[in-house]
Each structure stands twice: as structure tokens, then as C-alpha cells.
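This is target.txt (compact mmCIF, C-alpha atoms).
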```
# COMPACT_ATOMS: atom_id res chain seq x y z
CA MET A 1032 42.35 23.74 -37.16
CA PHE A 1033 39.68 21.07 -37.51
CA ASP A 1034 36.07 21.01 -38.76
CA LEU A 1035 33.22 19.53 -36.78
CA PRO A 1036 31.02 17.21 -38.88
CA ASN A 1037 27.57 18.72 -39.31
CA PHE A 1038 25.38 15.83 -38.17
CA SER A 1039 21.62 16.12 -37.67
CA ILE A 1040 19.06 14.21 -35.63
CA PRO A 1041 15.27 14.44 -35.97
CA ILE A 1042 13.39 15.97 -33.07
CA TYR A 1043 11.35 12.80 -32.51
CA VAL A 1044 14.21 11.67 -30.24
CA PHE A 1045 12.51 13.86 -27.61
CA LEU A 1046 9.55 11.49 -27.82
CA PHE A 1047 11.71 8.56 -26.65
CA VAL A 1048 12.37 10.41 -23.39
CA TYR A 1049 8.67 11.23 -23.09
CA VAL A 1050 7.59 7.64 -23.73
CA ALA A 1051 10.16 6.36 -21.18
CA TYR A 1052 8.73 8.77 -18.60
CA MET A 1053 5.17 7.74 -19.45
CA LEU A 1054 6.08 4.07 -18.86
CA PHE A 1055 7.46 5.00 -15.44
CA TYR A 1056 4.33 7.08 -14.74
CA VAL A 1057 1.92 4.31 -15.73
CA LEU A 1058 3.82 1.71 -13.70
CA TYR A 1059 3.90 3.89 -10.59
CA ALA A 1060 0.27 4.96 -10.99
CA LEU A 1061 -0.94 1.38 -11.43
CA PHE A 1062 1.03 0.27 -8.40
CA ASN A 1063 -0.52 3.11 -6.39
CA ILE A 1064 -4.03 2.29 -7.56
CA TYR A 1065 -3.43 -1.36 -6.68
CA HIS A 1066 -2.43 -0.31 -3.15
CA LEU A 1067 -5.56 1.80 -2.79
CA ILE A 1068 -7.86 -0.97 -3.98
CA ARG A 1069 -6.03 -3.72 -2.07
CA TYR A 1070 -5.75 -1.92 1.27
CA GLY A 1071 -8.25 0.97 1.13
CA VAL A 1072 -11.53 0.93 2.99
CA TYR A 1073 -14.41 -0.25 0.80
CA GLY A 1074 -16.79 2.53 -0.18
CA PHE A 1075 -17.80 5.15 -2.70
CA GLY A 1076 -14.87 7.41 -1.68
CA LEU A 1077 -12.33 4.86 -2.85
CA TYR A 1078 -13.81 4.65 -6.34
CA LEU A 1079 -14.12 8.44 -6.47
CA ILE A 1080 -10.40 8.88 -5.68
CA VAL A 1081 -9.32 6.39 -8.34
CA THR A 1082 -11.68 7.99 -10.89
CA ILE A 1083 -10.42 11.53 -10.13
CA PHE A 1084 -6.78 10.45 -10.47
CA THR A 1085 -7.42 8.52 -13.69
CA GLY A 1086 -9.51 11.39 -15.11
CA GLY A 1087 -6.80 13.95 -14.28
CA THR A 1088 -4.17 11.78 -15.93
CA ILE A 1089 -6.28 11.37 -19.07
CA ILE A 1090 -6.86 15.14 -19.29
CA LEU A 1091 -3.15 15.92 -18.85
CA VAL A 1092 -1.98 13.31 -21.36
CA SER A 1093 -4.69 14.22 -23.90
CA GLY A 1094 -3.80 17.93 -23.62
CA SER A 1095 -0.11 17.11 -24.11
CA VAL A 1096 -0.77 14.88 -27.12
CA PHE A 1097 -3.05 17.53 -28.63
CA LEU A 1098 -0.25 20.12 -28.33
CA LEU A 1099 2.47 17.73 -29.50
CA MET A 1100 0.54 16.77 -32.64
CA GLU A 1101 1.01 20.32 -33.96
CA TYR A 1102 4.73 19.84 -34.53
CA ASN A 1103 6.70 18.38 -37.39
CA TRP A 1104 8.60 15.56 -35.69
CA THR A 1105 10.91 14.92 -38.63
CA TYR A 1106 12.43 18.38 -38.34
CA PRO A 1107 16.18 17.91 -37.93
CA ILE A 1108 18.35 19.40 -35.21
CA THR A 1109 21.67 20.27 -36.76
CA LEU A 1110 24.82 21.43 -35.04
CA ASP A 1111 24.83 24.64 -37.10
CA GLU A 1112 21.26 25.51 -36.18
CA ALA A 1113 21.83 24.72 -32.52
CA VAL A 1114 24.03 27.82 -32.33
CA ASP A 1115 21.24 29.89 -33.90
CA TYR A 1116 18.83 29.01 -31.09
CA TYR A 1117 20.75 31.40 -28.87
CA ASN A 1118 19.56 34.41 -30.77
CA GLU A 1119 17.90 37.55 -29.54
CA ASP A 1120 14.42 36.51 -30.62
CA LEU A 1121 14.33 33.50 -28.33
CA PHE A 1122 16.45 34.79 -25.46
CA PRO A 1123 16.38 38.59 -25.60
CA ALA A 1124 18.30 38.96 -22.34
CA LEU A 1125 21.41 37.27 -23.81
CA MET B 1474 -10.10 -4.15 0.04
CA MET B 1475 -10.88 -3.76 3.71
CA ARG B 1476 -14.47 -3.66 4.92
CA LEU B 1477 -15.30 -2.09 8.25
CA ASP B 1478 -18.07 -4.63 8.76
CA HIS B 1479 -15.59 -7.46 8.19
CA LEU B 1480 -12.28 -6.66 9.89
CA PRO B 1481 -9.23 -8.91 9.60
CA ASN B 1482 -9.41 -11.64 12.30
CA GLN B 1483 -12.72 -10.24 13.50
CA ARG B 1484 -13.92 -11.75 16.74
CA PRO B 1485 -17.49 -12.69 17.59
CA ASP B 1486 -19.40 -9.69 19.02
CA GLU B 1487 -16.62 -7.32 17.97
CA ARG B 1488 -17.85 -4.04 16.51
CA VAL B 1489 -16.15 -0.89 15.23
CA ILE B 1490 -16.48 2.05 17.62
CA LEU B 1491 -14.29 4.60 15.87
CA PHE B 1492 -12.52 4.80 12.54
CA LEU B 1493 -9.78 7.43 12.36
CA ARG B 1494 -7.56 9.06 9.82
CA ARG B 1495 -5.22 12.00 10.22
CA HIS B 1496 -6.86 15.42 10.59
CA TRP B 1497 -7.96 17.20 7.39
CA PHE B 1498 -5.06 19.59 7.93
CA ALA B 1499 -2.85 16.90 6.33
CA ILE B 1500 -5.01 17.11 3.20
CA LEU B 1501 -4.82 20.90 3.27
CA ALA B 1502 -1.01 20.72 3.19
CA ILE B 1503 -1.18 18.49 0.08
CA VAL B 1504 -3.72 20.79 -1.61
CA VAL B 1505 -1.65 23.92 -0.88
CA ALA B 1506 1.57 22.31 -2.18
CA PHE B 1507 -0.27 21.05 -5.29
CA THR B 1508 -1.87 24.45 -5.96
CA LEU B 1509 1.46 26.27 -5.64
CA LEU B 1510 3.34 23.80 -7.83
CA VAL B 1511 0.68 24.06 -10.55
CA SER B 1512 -0.13 27.77 -10.36
CA ILE B 1513 3.41 29.21 -10.22
CA PRO B 1514 4.50 27.95 -13.69
CA LEU B 1515 1.07 28.82 -15.13
CA ILE B 1516 1.28 32.38 -13.75
CA LEU B 1517 4.85 32.74 -15.02
CA GLY B 1518 3.74 31.43 -18.44
CA TRP B 1519 0.86 33.91 -18.53
CA PHE B 1520 3.08 36.80 -17.39
CA PHE B 1521 5.76 36.06 -20.00
CA TRP B 1522 3.32 34.86 -22.65
CA GLY B 1523 4.98 36.93 -25.40
CA ARG B 1524 8.23 35.04 -24.89
CA VAL B 1525 6.63 31.64 -24.24
CA SER B 1526 4.54 31.87 -27.43
CA VAL B 1527 7.74 32.47 -29.46
CA TRP B 1528 9.25 29.35 -27.88
CA LEU B 1529 6.12 27.31 -28.60
CA GLU B 1530 6.16 28.30 -32.28
CA HIS B 1531 9.81 27.34 -32.66
CA PRO B 1532 10.16 23.97 -34.48
CA VAL B 1533 12.70 22.58 -31.96
CA LEU B 1534 12.12 24.46 -28.71
CA GLY B 1535 8.31 24.16 -29.02
CA PRO B 1536 8.14 20.35 -28.67
CA LEU B 1537 10.82 20.46 -25.98
CA VAL B 1538 8.85 23.01 -23.91
CA VAL B 1539 5.61 21.03 -24.30
CA ILE B 1540 7.28 17.73 -23.31
CA ILE B 1541 9.03 19.28 -20.29
CA GLY B 1542 5.77 20.98 -19.25
CA SER B 1543 3.80 17.75 -19.64
CA ILE B 1544 6.35 15.76 -17.59
CA TYR B 1545 6.34 18.47 -14.91
CA PHE B 1546 2.54 18.58 -14.51
CA LEU B 1547 2.26 14.79 -14.57
CA CYS B 1548 4.96 14.61 -11.87
CA VAL B 1549 3.03 17.08 -9.69
CA TRP B 1550 -0.22 15.14 -10.23
CA LEU B 1551 1.46 11.82 -9.37
CA PHE B 1552 3.22 13.32 -6.33
CA ALA B 1553 -0.10 14.70 -5.02
CA PHE B 1554 -1.77 11.32 -5.54
CA LEU B 1555 1.05 9.46 -3.76
CA GLU B 1556 0.85 11.83 -0.81
CA PHE B 1557 -2.92 11.42 -0.72
CA THR B 1558 -2.58 7.62 -0.79
CA ASP B 1559 -0.18 7.82 2.14
CA TYR B 1560 -2.79 9.87 4.03
CA TYR B 1561 -5.71 7.68 2.97
CA LEU B 1562 -4.12 4.37 3.93
CA ASP B 1563 -2.95 5.51 7.39
CA THR B 1564 -5.86 4.41 9.56
CA TRP B 1565 -6.68 3.58 13.15
CA ILE B 1566 -9.66 1.43 14.01
CA ILE B 1567 -10.94 1.23 17.56
CA THR B 1568 -13.32 -1.63 18.27
CA ASN B 1569 -14.89 -2.73 21.55
CA GLU B 1570 -12.09 -5.32 21.91
CA ARG B 1571 -8.92 -4.01 20.25
CA ILE B 1572 -7.11 -1.19 18.47
CA ILE B 1573 -5.89 -1.73 14.93
CA ASN B 1574 -3.16 0.52 13.53
CA ILE B 1575 -2.45 0.44 9.79
CA GLU B 1576 0.38 2.62 8.56
CA GLN B 1577 1.53 3.16 5.02
CA GLN B 1578 5.10 4.46 4.63
CA GLY B 1579 5.71 5.33 1.00
CA LEU B 1580 4.56 2.77 -1.54
CA PHE B 1581 6.58 -0.21 -0.43
CA ASN B 1582 6.28 -0.30 3.37
CA ARG B 1583 3.11 -1.08 5.25
CA THR B 1584 2.71 -1.92 8.91
CA ALA B 1585 -0.45 -3.38 10.43
CA SER B 1586 -0.55 -3.82 14.20
CA GLU B 1587 -3.28 -4.70 16.64
CA LEU B 1588 -3.56 -4.40 20.36
CA ASP B 1589 -6.07 -5.89 22.77
CA LEU B 1590 -7.77 -3.21 24.82
CA ALA B 1591 -7.16 -5.27 27.96
CA ALA B 1592 -3.39 -4.77 27.48
CA VAL B 1593 -3.64 -0.98 27.53
CA GLN B 1594 -2.01 0.58 30.57
CA ASP B 1595 -2.63 4.23 29.84
CA ALA B 1596 -3.51 6.64 27.06
CA THR B 1597 -2.03 10.12 26.62
CA ALA B 1598 -3.38 12.93 24.45
CA GLU B 1599 -1.03 15.60 23.17
CA ILE B 1600 -1.80 18.90 21.47
CA ARG B 1601 1.26 20.96 20.60
CA GLY B 1602 1.75 24.28 18.90
CA LEU B 1603 -0.44 26.97 17.39
CA TRP B 1604 -2.00 25.02 14.51
CA GLN B 1605 -2.86 21.95 16.59
CA THR B 1606 -4.43 24.18 19.25
CA LEU B 1607 -6.40 26.22 16.71
CA PHE B 1608 -7.70 23.23 14.77
CA THR B 1609 -7.98 20.85 17.75
CA TYR B 1610 -5.85 18.01 16.46
CA GLY B 1611 -2.84 16.18 17.84
CA ASN B 1612 -1.46 12.84 18.97
CA VAL B 1613 -2.64 10.06 21.22
CA PHE B 1614 -0.14 7.60 22.68
CA VAL B 1615 -1.38 4.28 23.98
CA GLN B 1616 1.01 2.55 26.37
CA THR B 1617 0.70 -1.18 26.88
CA ALA B 1618 1.43 -3.19 29.99
CA GLY B 1619 4.80 -4.95 29.84
CA GLU B 1620 5.58 -3.69 26.36
CA LYS B 1621 7.88 -0.89 25.27
CA ASN B 1622 5.87 -0.33 22.09
CA ARG B 1623 3.41 2.50 22.09
CA PHE B 1624 0.56 2.93 19.69
CA HIS B 1625 0.80 6.37 18.17
CA PHE B 1626 -2.29 7.99 16.68
CA LYS B 1627 -0.70 10.72 14.59
CA ASN B 1628 -2.36 14.10 14.03
CA ILE B 1629 -5.91 12.91 14.64
CA ASN B 1630 -8.93 15.09 15.23
CA ASP B 1631 -9.83 15.83 18.86
CA PRO B 1632 -7.21 13.66 20.63
CA GLU B 1633 -8.67 14.40 24.09
CA GLN B 1634 -11.99 12.84 23.15
CA VAL B 1635 -10.28 9.81 21.58
CA LYS B 1636 -8.18 9.32 24.72
CA GLU B 1637 -11.32 9.45 26.88
CA LEU B 1638 -13.03 6.96 24.60
CA ILE B 1639 -10.08 4.54 24.72
CA THR B 1640 -9.92 4.79 28.52
CA ALA B 1641 -13.64 4.06 28.81
CA LEU B 1642 -13.41 1.14 26.35
CA VAL B 1643 -10.42 -0.32 28.22
CA GLU B 1644 -12.41 -0.25 31.47
CA ASP B 1645 -15.39 -1.90 29.75
CA ASP B 1646 -13.17 -4.58 28.22
CA LYS B 1647 -11.45 -5.32 31.52
CA ARG B 1648 -14.85 -5.66 33.23
CA ARG B 1649 -16.03 -7.92 30.43
CA LEU B 1650 -12.94 -10.13 30.72
CA SER B 1651 -13.19 -10.24 34.50
CA ALA B 1652 -16.76 -11.40 34.14
CA LEU B 1653 -15.57 -14.08 31.75
CA GLY B 1654 -12.75 -14.98 34.15
CA ALA B 1655 -10.25 -14.76 31.39
CA GLY B 1656 -7.97 -12.17 33.00
CA ILE B 1657 -5.70 -9.95 31.01
CA ARG B 1658 -4.65 -11.70 27.85
CA GLY B 1659 -3.63 -8.82 25.60
CA LYS B 1660 -0.59 -8.69 23.42
CA ILE B 1661 0.72 -6.78 20.39
CA LYS B 1662 0.96 -8.50 17.09
CA THR B 1663 2.78 -6.77 14.26
CA VAL B 1664 2.80 -7.82 10.65
CA ILE B 1665 5.04 -6.08 8.12
CA LYS B 1666 4.30 -6.64 4.47
```

As C-alpha cells, what does this structure read like?
Amino acid sequence: MFDLPNFSIPIYVFLFVYVAYMLFYVLYALFNIYHLIRYGVYGFGLYLIVTIFTGGTIILVSGSVFLLMEYNWTYPITLDEAVDYYNEDLFPAL
Amino acid sequence: MMRLDHLPNQRPDERVILFLRRHWFAILAIVVAFTLLVSIPLILGWFFWGRVSVWLEHPVLGPLVVIIGSIYFLCVWLFAFLEFTDYYLDTWIITNERIINIEQQGLFNRTASELDLAAVQDATAEIRGLWQTLFTYGNVFVQTAGEKNRFHFKNINDPEQVKELITALVEDDKRRLSALGAGIRGKIKTVIK
């Protein structure tokens, strides 16, 4: 038979996906805000909407960063350990 | 930014009579969808907290769960905001001389049309179904003379009253133009950006 090489990658690779999504989010959000300011009807309501959206985004991103800071991002994912994730502690129904 | 006291191509003596958006029921639909999309995962997380907390403490699954959760909630927040923008930018402005229809379709399509009141042939109000009857909202169609295009006021509050107002304004505008000797000079202009 053959042996699979036991390679490992650090878990910070997840952050690349997250950063890519955040770039998409920021681009889309800015484009949307531009539309609101460019074409919306002048008034207090318009500023309120933009402030609520920006505030909500800041709260969500801050909360996520706060939770993500707890982890050790250099922790490696190895092929051997990947099999161990399917254990009864994590997925008791399996 | 558009100002109601300074409309695009505003004419002398032109004033805004009515500014319309879709009925608040459209907002309610967005709020209900947003609430469900946010509360269901939170309730499931609370219900299965014993299991979720084990995942969160795991050195690999923990970050993955937090990242997926963060992306999910940001997606819901962005989706709600996009839907709200679509609602907010769909407007109808009725002045004493014309009707302006501004429609936002998604983020990349926007249609702005205007119609002289003198070109209006008839206006039709339509209330259909249980919800529209209960909450008194519906559609108004404005048919123009010699044109196939119809202005469509979608899901506005009290369509009957709006139709009556348009009919009265059309009569006033026709009388005004007759007095000026200008005759009917209305046409539809459409600009797509």
C-alpha cells in the first residue's frame, strides 16, 4: 500500500477567507451607501439610515474580532488530527 | 442627493404636492425576514449550547465556527440593508405639473421617468387580496394619451386617494394650460443610468 504524507497547515488560512469576504462586504456596503447619498432624499432620515448600518457593521465586526482574538492562529491542522475531529465529543450523534 | 425643494429640471411655480414610497408593509417584510434569519441560529445555538460551547473551545473548529457565524450575520445585515435601500430609493413625486417616478432595481439599475400631468389620460387604483384590503395599500396605474407606457405606483398607501388627487391635478393642469393657450404638450421622458 502507500502512505499519505502528514502535512500540516496553520489555522490562520481561515483568516484569508474571512478577509476576502470582508473586502467584498466593504466594497458592496460602500457602493450601497454611495447610492443612498447620491440618490436618496436629503434629510435627517438619510443620515440616520447610514449611521445605523455603519454602527451595526462595526458592532458585528468588533464582536467577531473580539471572539477571534481568543484563538491561537498558529495551531496546525494536520491530516492525522483531521480524522480525530470526528470523535464522539464533538459529534455525539456519529 | 435629491432635495424636494429643488427637483431635477424644476419648472417655475412647480411645487411638490405628494411624495410617495411603498407602503410600510414592504418594510415589515424586510424586518420579519431579518428577525427570522438572525433569531433562528441564535435560538438553535442557545438550545444546543452544550455542544456549541465544545465546538467553540476546540482549537480548530472554534475559529471556523466564529468565522462562519460572523460571515453569516454580516450577510444577513448587508442583505437587509440592500433590501431597505431598494425600498428607500423607489419614490414617486407628484407635483402640480408632472409626475416623477424613480425606481431602483438592485444596485446597478435605476430608472427615472417623468410625465406631464397634461398627458395623463386616466388613472386607475387597484387593491387586491386580503393584506392590501386590510392595510389599505395597492397600485395606481397612470395611462398616458398616445403612449403605451403606464406609470405604475407600486404598493402605495391609500391608492384610491392618490388616484383622486392625480385626477384633480390633471384637471387643474389642463385648465391652467388652456388658459395659457399652450394646449396639451405632455410627453414621457425616460433616463436609464

Counting all atoms listed in the file, which residues in chain B sit no more than 9 Å from chain A? For each one, give the nearest pair of atoms and the distance in Å, sorted by chain then residue number, as CSV.
```
residue,atom,partner,partner_atom,distance
B:Met1474,CA,A:Arg1069,CA,4.6
B:Met1475,CA,A:Val1072,CA,4.8
B:Arg1476,CA,A:Tyr1073,CA,5.3
B:Leu1477,CA,A:Val1072,CA,7.1
B:Arg1524,CA,A:Leu1121,CA,7.2
B:Val1525,CA,A:Leu1121,CA,8.9
B:Val1527,CA,A:Leu1121,CA,6.8
B:Trp1528,CA,A:Leu1121,CA,6.6
B:Glu1530,CA,A:Tyr1102,CA,8.9
B:His1531,CA,A:Leu1121,CA,8.8
B:Pro1532,CA,A:Tyr1102,CA,6.8
B:Val1533,CA,A:Ile1042,CA,6.7
B:Leu1534,CA,A:Tyr1116,CA,8.4
B:Gly1535,CA,A:Tyr1102,CA,7.9
B:Pro1536,CA,A:Leu1099,CA,6.3
B:Leu1537,CA,A:Phe1045,CA,7.0
B:Val1539,CA,A:Leu1099,CA,6.9
B:Ile1540,CA,A:Tyr1049,CA,6.7
B:Ile1541,CA,A:Tyr1049,CA,8.5
B:Gly1542,CA,A:Ser1095,CA,8.6
B:Ser1543,CA,A:Ser1095,CA,6.0
B:Ile1544,CA,A:Tyr1052,CA,7.5
B:Phe1546,CA,A:Leu1091,CA,7.6
B:Leu1547,CA,A:Leu1091,CA,7.0
B:Cys1548,CA,A:Tyr1056,CA,8.1
B:Trp1550,CA,A:Thr1088,CA,7.7
B:Leu1551,CA,A:Ala1060,CA,7.1
B:Phe1554,CA,A:Phe1084,CA,7.1
B:Leu1555,CA,A:Asn1063,CA,7.1
B:Thr1558,CA,A:Leu1067,CA,6.8
B:Tyr1561,CA,A:Gly1071,CA,7.4
B:Leu1562,CA,A:Gly1071,CA,6.0
B:Leu1580,CA,A:Asn1063,CA,7.0
```

May I ask for the distance between atom CA of Ile1089 of chain A and atom CA of Val1511 of chain B, given in Å to one decimal place?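 Answer for the atom CA of Ile1089 of chain A to atom CA of Val1511 of chain B separation: 16.8 Å.
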
Interatomic distance, atom CA of Leu1480 of chain B to atom CA of Gly1611 of chain B (Å, one decimal): 26.0 Å

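The shell of residues at most 7 Å from segment 1563-1570 of chain B, with all atoms listed in the file counted and near chain neighbours (fewer than 3 positions) removed, consists of Glu1487, Arg1488, Val1489, Ile1490, Leu1491, Phe1492, Leu1493, Arg1494, Asp1559, Tyr1560, Ile1573, Asn1574, Ile1575, Glu1576, Gln1577, Asp1589, Leu1590, Leu1642 and Asp1646 of chain B.
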
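You will find atom CA of Ile1629 of chain B at 4.9 Å from atom CA of His1496 of chain B.
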
Nearest to Lys1627 of chain B by atom-to-atom distance, counting only C-alpha atoms, from B:Ala1591, B:Ile1513, B:Ala1553, B:Ala1499: B:Ala1499

List the neighbours of Ala1598 of chain B out to 12 Å using all atoms listed in the file; skip same-chain residues closer than 6 positions along the sequence, and give me the result as a PyMOL selection string. chain B and resi 1605+1609-1616+1624-1640
